[in-house]
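Q: Pasting a structure here, questions to come.
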Amino acid sequence: MSIVETYIRRHPRSQALFDQAQTLFPSGVTHDGRYVTPFPIYVERCTGARKWDADGNELIDYWMGHGALLLGHGHPSIVAAVQQQMKRGTHYGAEHELSLQWAHLIKRLFTSIEQVRFTASGTEATMMALRLARAYTGKPIIIRFAGHYHGWHDMLARDTDILPVGLLDGLARSTIVVPTDLTYVEDVLRKRSDVAAVILEPTGASYGAVPLPTGFLRDLRQLTWKYGVLLICDEIVTGFRIAPGGAQQREGVVADLTTLAKVMAGGLPGGAVGGRADILKHLAFGDAEWNQKCKIRHFGTFNAAPLSAAAGIAMLEIVADGAPCAYAANLGETLVAGMNAEIRKRRLVGWAAYGDGSIIHLVAGCSTGFAPGELDPRTPTDELKRGGDPRLVHLVCLGMINHGVDLMRGRSGFLSAAHTSADVAATIAAFAATLDAIGEHHAQLQSSASWQR
Ligand SMILES: Cc1ncc(COP(=O)(O)O)c(C=O)c1O
């Protein structure tokens, strides 16, 4: 039976729910990243590193709340903090002390952050960071890197030369999309005096699926200082995960502005922009003239929402000593090594597992045809972002689910402090079985996809 047939047979309830969902949601999904053919699985409950779907199948989870759940599902301290807070109220319509504790923890871990403004999501945080950069510098242009993702809003929607549908041309032209090439960036900065800031994912596009050259972040920091341009580190995924103080701590870099979400909010909705107090001053009230000309108006019903604050505090208190990051990173490295061993055993050219600590990626059948398990960083950005040959990625995605593992879109995964060595071993076994199933049942892909060349 093919991988797709097995998947359909194992998930009748998910299929029935998806049939209904198609009448309710465009393409039947609530998030583009969860769209998968023939249908996505529907999940009913999660605990630790596990999730159970609507058909009762148990899965090792590598989505981990899109990267938010560094401590796994339902960590007892976070659950207790949220339950306590539920009893006290979910929204005060007022300032509250938890927001102060939350901000203190963030400041303690991120040395670049002097002041914080909470938002309801990561997307809102990057919107705010851009507004702040423009308000502070009085300049309109933002440099961003091709393929780096910073949320779905209009200001950063364009990440290639193509104008996304529905986007105003002027807005699209307010960003310059550049390759991750510092000579190129310097050339732009030398020629233009209207650049407010450079924003990036500090470990590379899609949380490191397209790794940055060594030292890139540090060199970019020097360059932005040289040209008097602000540096915005989007640490929405990397913050509190790569290290308690994010990629900035690991690389010894101090950004002007940092955007945060995911781990920061303990698995509940929430985000923040933090950074230099003289920049965040543009959110503060002043005299009438300042308020009219210099202040950014900012509201948001769920800014610093008490439930998110309670969860975020519980999370950051545990994450602060770096132990969960180190533990999950260690497991990530074991997983990558194990997957590459399976790739090498089968001599899969253009396939590799790689990653950065607790974040792992897989590419399958890349056109650059590198040696099994030896990622060639010259593989085009688009290809790395989509995981290589989409047909193979699709089969890996469904095949892994058939074998009890839910990789993110078949090509990435977040390890957590709740995963164990046994989970990693089971994942490697599932990967081996999936590769065998692809080899056995999908012979038509073998010649086209560098299979056992
Ligand atoms: C680097 C990065 N920035 C921003 C965002 C947007 O965050 P949110 O989904 O909370 O709006 C994401 C989401 O995945 C992200 O990965």
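Please note that chains go A, B, ... in the order of the structure tokens, that every chain numbers its residues from 1, and that ligands are numbered from 1 in the order shown.
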Let's see if you can do this: from backbone DSSP, list all alpha helix (DSSP H) residues in stretch 96-159 of chain A, as a list in words.
A: Glu97, Leu98, Ser99, Leu100, Gln101, Trp102, Ala103, His104, Leu105, Ile106, Lys107, Arg108, Leu109, Gly122, Thr123, Glu124, Ala125, Thr126, Met127, Met128, Ala129, Leu130, Arg131, Leu132, Ala133, Arg134, Ala135, Tyr136 and Thr137 of chain A
Q: Per residue of chain A within 6 Å of ligand 1, what are the shortest atom pair and its distance in Å to one decimal, counting only C-alpha atoms and all ligand atoms, with rows by chain and residue number, as a tab-separated table?
A:
residue	atom	partner	partner_atom_place_in_ligand_line	distance
A:Ser121	CA	ligand 1	10 (O)	4.1
A:Gly122	CA	ligand 1	7 (O)	3.3
A:Thr123	CA	ligand 1	11 (O)	3.5
A:Tyr149	CA	ligand 1	1 (C)	5.3
A:His150	CA	ligand 1	3 (N)	3.6
A:Gly151	CA	ligand 1	6 (C)	3.7
A:Glu201	CA	ligand 1	1 (C)	5.6
A:Asp234	CA	ligand 1	1 (C)	5.6
A:Ile236	CA	ligand 1	2 (C)	5.0
A:Val237	CA	ligand 1	16 (O)	5.4
A:Ala261	CA	ligand 1	10 (O)	5.8
Q: Can I get the selection written as an mmCIF file, in the first residue's frame, with N, CA and C atoms?
A:
data_model
loop_
_atom_site.group_PDB
_atom_site.id
_atom_site.type_symbol
_atom_site.label_atom_id
_atom_site.label_comp_id
_atom_site.auth_asym_id
_atom_site.auth_seq_id
_atom_site.Cartn_x
_atom_site.Cartn_y
_atom_site.Cartn_z
ATOM 1 N N SER A 121 0.859 39.250 19.230
ATOM 2 C CA SER A 121 1.441 38.196 18.390
ATOM 3 C C SER A 121 2.803 38.643 17.889
ATOM 4 N N GLY A 122 3.525 37.707 17.279
ATOM 5 C CA GLY A 122 4.810 38.042 16.683
ATOM 6 C C GLY A 122 4.647 38.977 15.496
ATOM 7 N N THR A 123 3.611 38.751 14.712
ATOM 8 C CA THR A 123 3.350 39.617 13.562
ATOM 9 C C THR A 123 3.203 41.066 14.012
ATOM 10 N N TYR A 149 11.240 35.310 7.179
ATOM 11 C CA TYR A 149 9.821 35.506 7.486
ATOM 12 C C TYR A 149 9.692 36.325 8.763
ATOM 13 N N HIS A 150 8.809 37.323 8.724
ATOM 14 C CA HIS A 150 8.633 38.164 9.906
ATOM 15 C C HIS A 150 7.160 38.389 10.215
ATOM 16 N N GLY A 151 6.313 37.420 9.896
ATOM 17 C CA GLY A 151 4.874 37.607 10.083
ATOM 18 C C GLY A 151 4.233 37.928 8.746
ATOM 19 N N GLU A 201 16.069 37.330 10.443
ATOM 20 C CA GLU A 201 16.002 36.172 11.341
ATOM 21 C C GLU A 201 17.455 35.844 11.674
ATOM 22 N N ASP A 234 14.856 39.678 14.683
ATOM 23 C CA ASP A 234 13.573 39.006 14.879
ATOM 24 C C ASP A 234 13.858 37.667 15.580
ATOM 25 N N ILE A 236 11.711 35.906 17.292
ATOM 26 C CA ILE A 236 10.409 35.327 17.643
ATOM 27 C C ILE A 236 10.512 33.812 17.802
ATOM 28 N N VAL A 237 11.327 33.180 16.987
ATOM 29 C CA VAL A 237 11.559 31.744 17.148
ATOM 30 C C VAL A 237 12.795 31.481 18.014
ATOM 31 N N ALA A 261 8.145 36.470 20.654
ATOM 32 C CA ALA A 261 6.798 35.876 20.794
ATOM 33 C C ALA A 261 7.041 34.414 21.175
#
Q: Show me a table, sorted first by chain and then by increasing residue number, of the residues of stretch 176-295 of chain A having an atom at most 8 Å from stretch 325-349 of chain A, each with its shortest atom pair and the distance in Å to one decimal, counting only C-alpha atoms and written as a Markdown table.
A:
| residue | atom | partner | partner_atom | distance |
| --- | --- | --- | --- | --- |
| A:Phe240 | CA | A:Cys325 | CA | 7.6 |
| A:Arg241 | CA | A:Cys325 | CA | 5.5 |
| A:Ile242 | CA | A:Cys325 | CA | 6.6 |
| A:Ala243 | CA | A:Cys325 | CA | 6.1 |
| A:Pro244 | CA | A:Cys325 | CA | 7.3 |
Q: For a quick check of understanding, using only C-alpha atoms, which of A:Leu435, A:Ile428, A:Val116, A:Leu268 has the smallest distance to A:Ile3?
A: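 Residue with the minimum atom-to-atom distance to A:Ile3: A:Leu435.
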Q: Could you name the residues that touch A:Glu251 at 8 Å or less, counting only C-alpha atoms, but leaving out those on the same chain fewer than 6 positions away, as an NGL selection string?
A: :A and (215 or 217-218)
Q: Just checking: using only C-alpha atoms, which residue out of A:Asp389, A:Asp423, A:Asp169, A:Asp219 ends up closest to A:Gly404?
A: A:Asp423
Q: Between atom CA of A:Gln15 and atom CA of A:Gly72, what is the distance, to one decimal in Å?
A: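 Value for the atom CA of A:Gln15-atom CA of A:Gly72 distance: 26.8 Å.
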Q: Using only C-alpha atoms, can you tell me which of A:Leu280, A:Pro380, A:Ala68, A:Ser416 comes closest to A:Pro179?
A: A:Pro380
Q: Which of these residues is nearest to A:Arg88, using only C-alpha atoms: A:Ala353, A:Leu163, A:Val253, A:Ala310?
A: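 Among the listed residues, the smallest separation from A:Arg88 belongs to A:Ala310.
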Q: Can you list, as a count of residues only, every protein, DNA or RNA residue that comes within 7 Å of A:Gly275 when you count only C-alpha atoms, leaving out same-chain residues fewer than 3 positions away?
A: 9
Q: Measuring between only C-alpha atoms, which one of A:Arg386, A:His91, A:Arg221, A:Arg391 shows the shortest distance to A:Phe302?
A: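 Distance minimum relative to A:Phe302 lands on A:His91.
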Q: Between atom CA of A:Phe414 and atom CA of A:His31, what is the distance in Å, rounded to a tenth?
A: 18.0 Å
Q: Between A:Gly239, A:Pro377, A:Pro38, A:Gly286, which is the closest to A:Ala209 once you count only C-alpha atoms?
A: A:Pro377
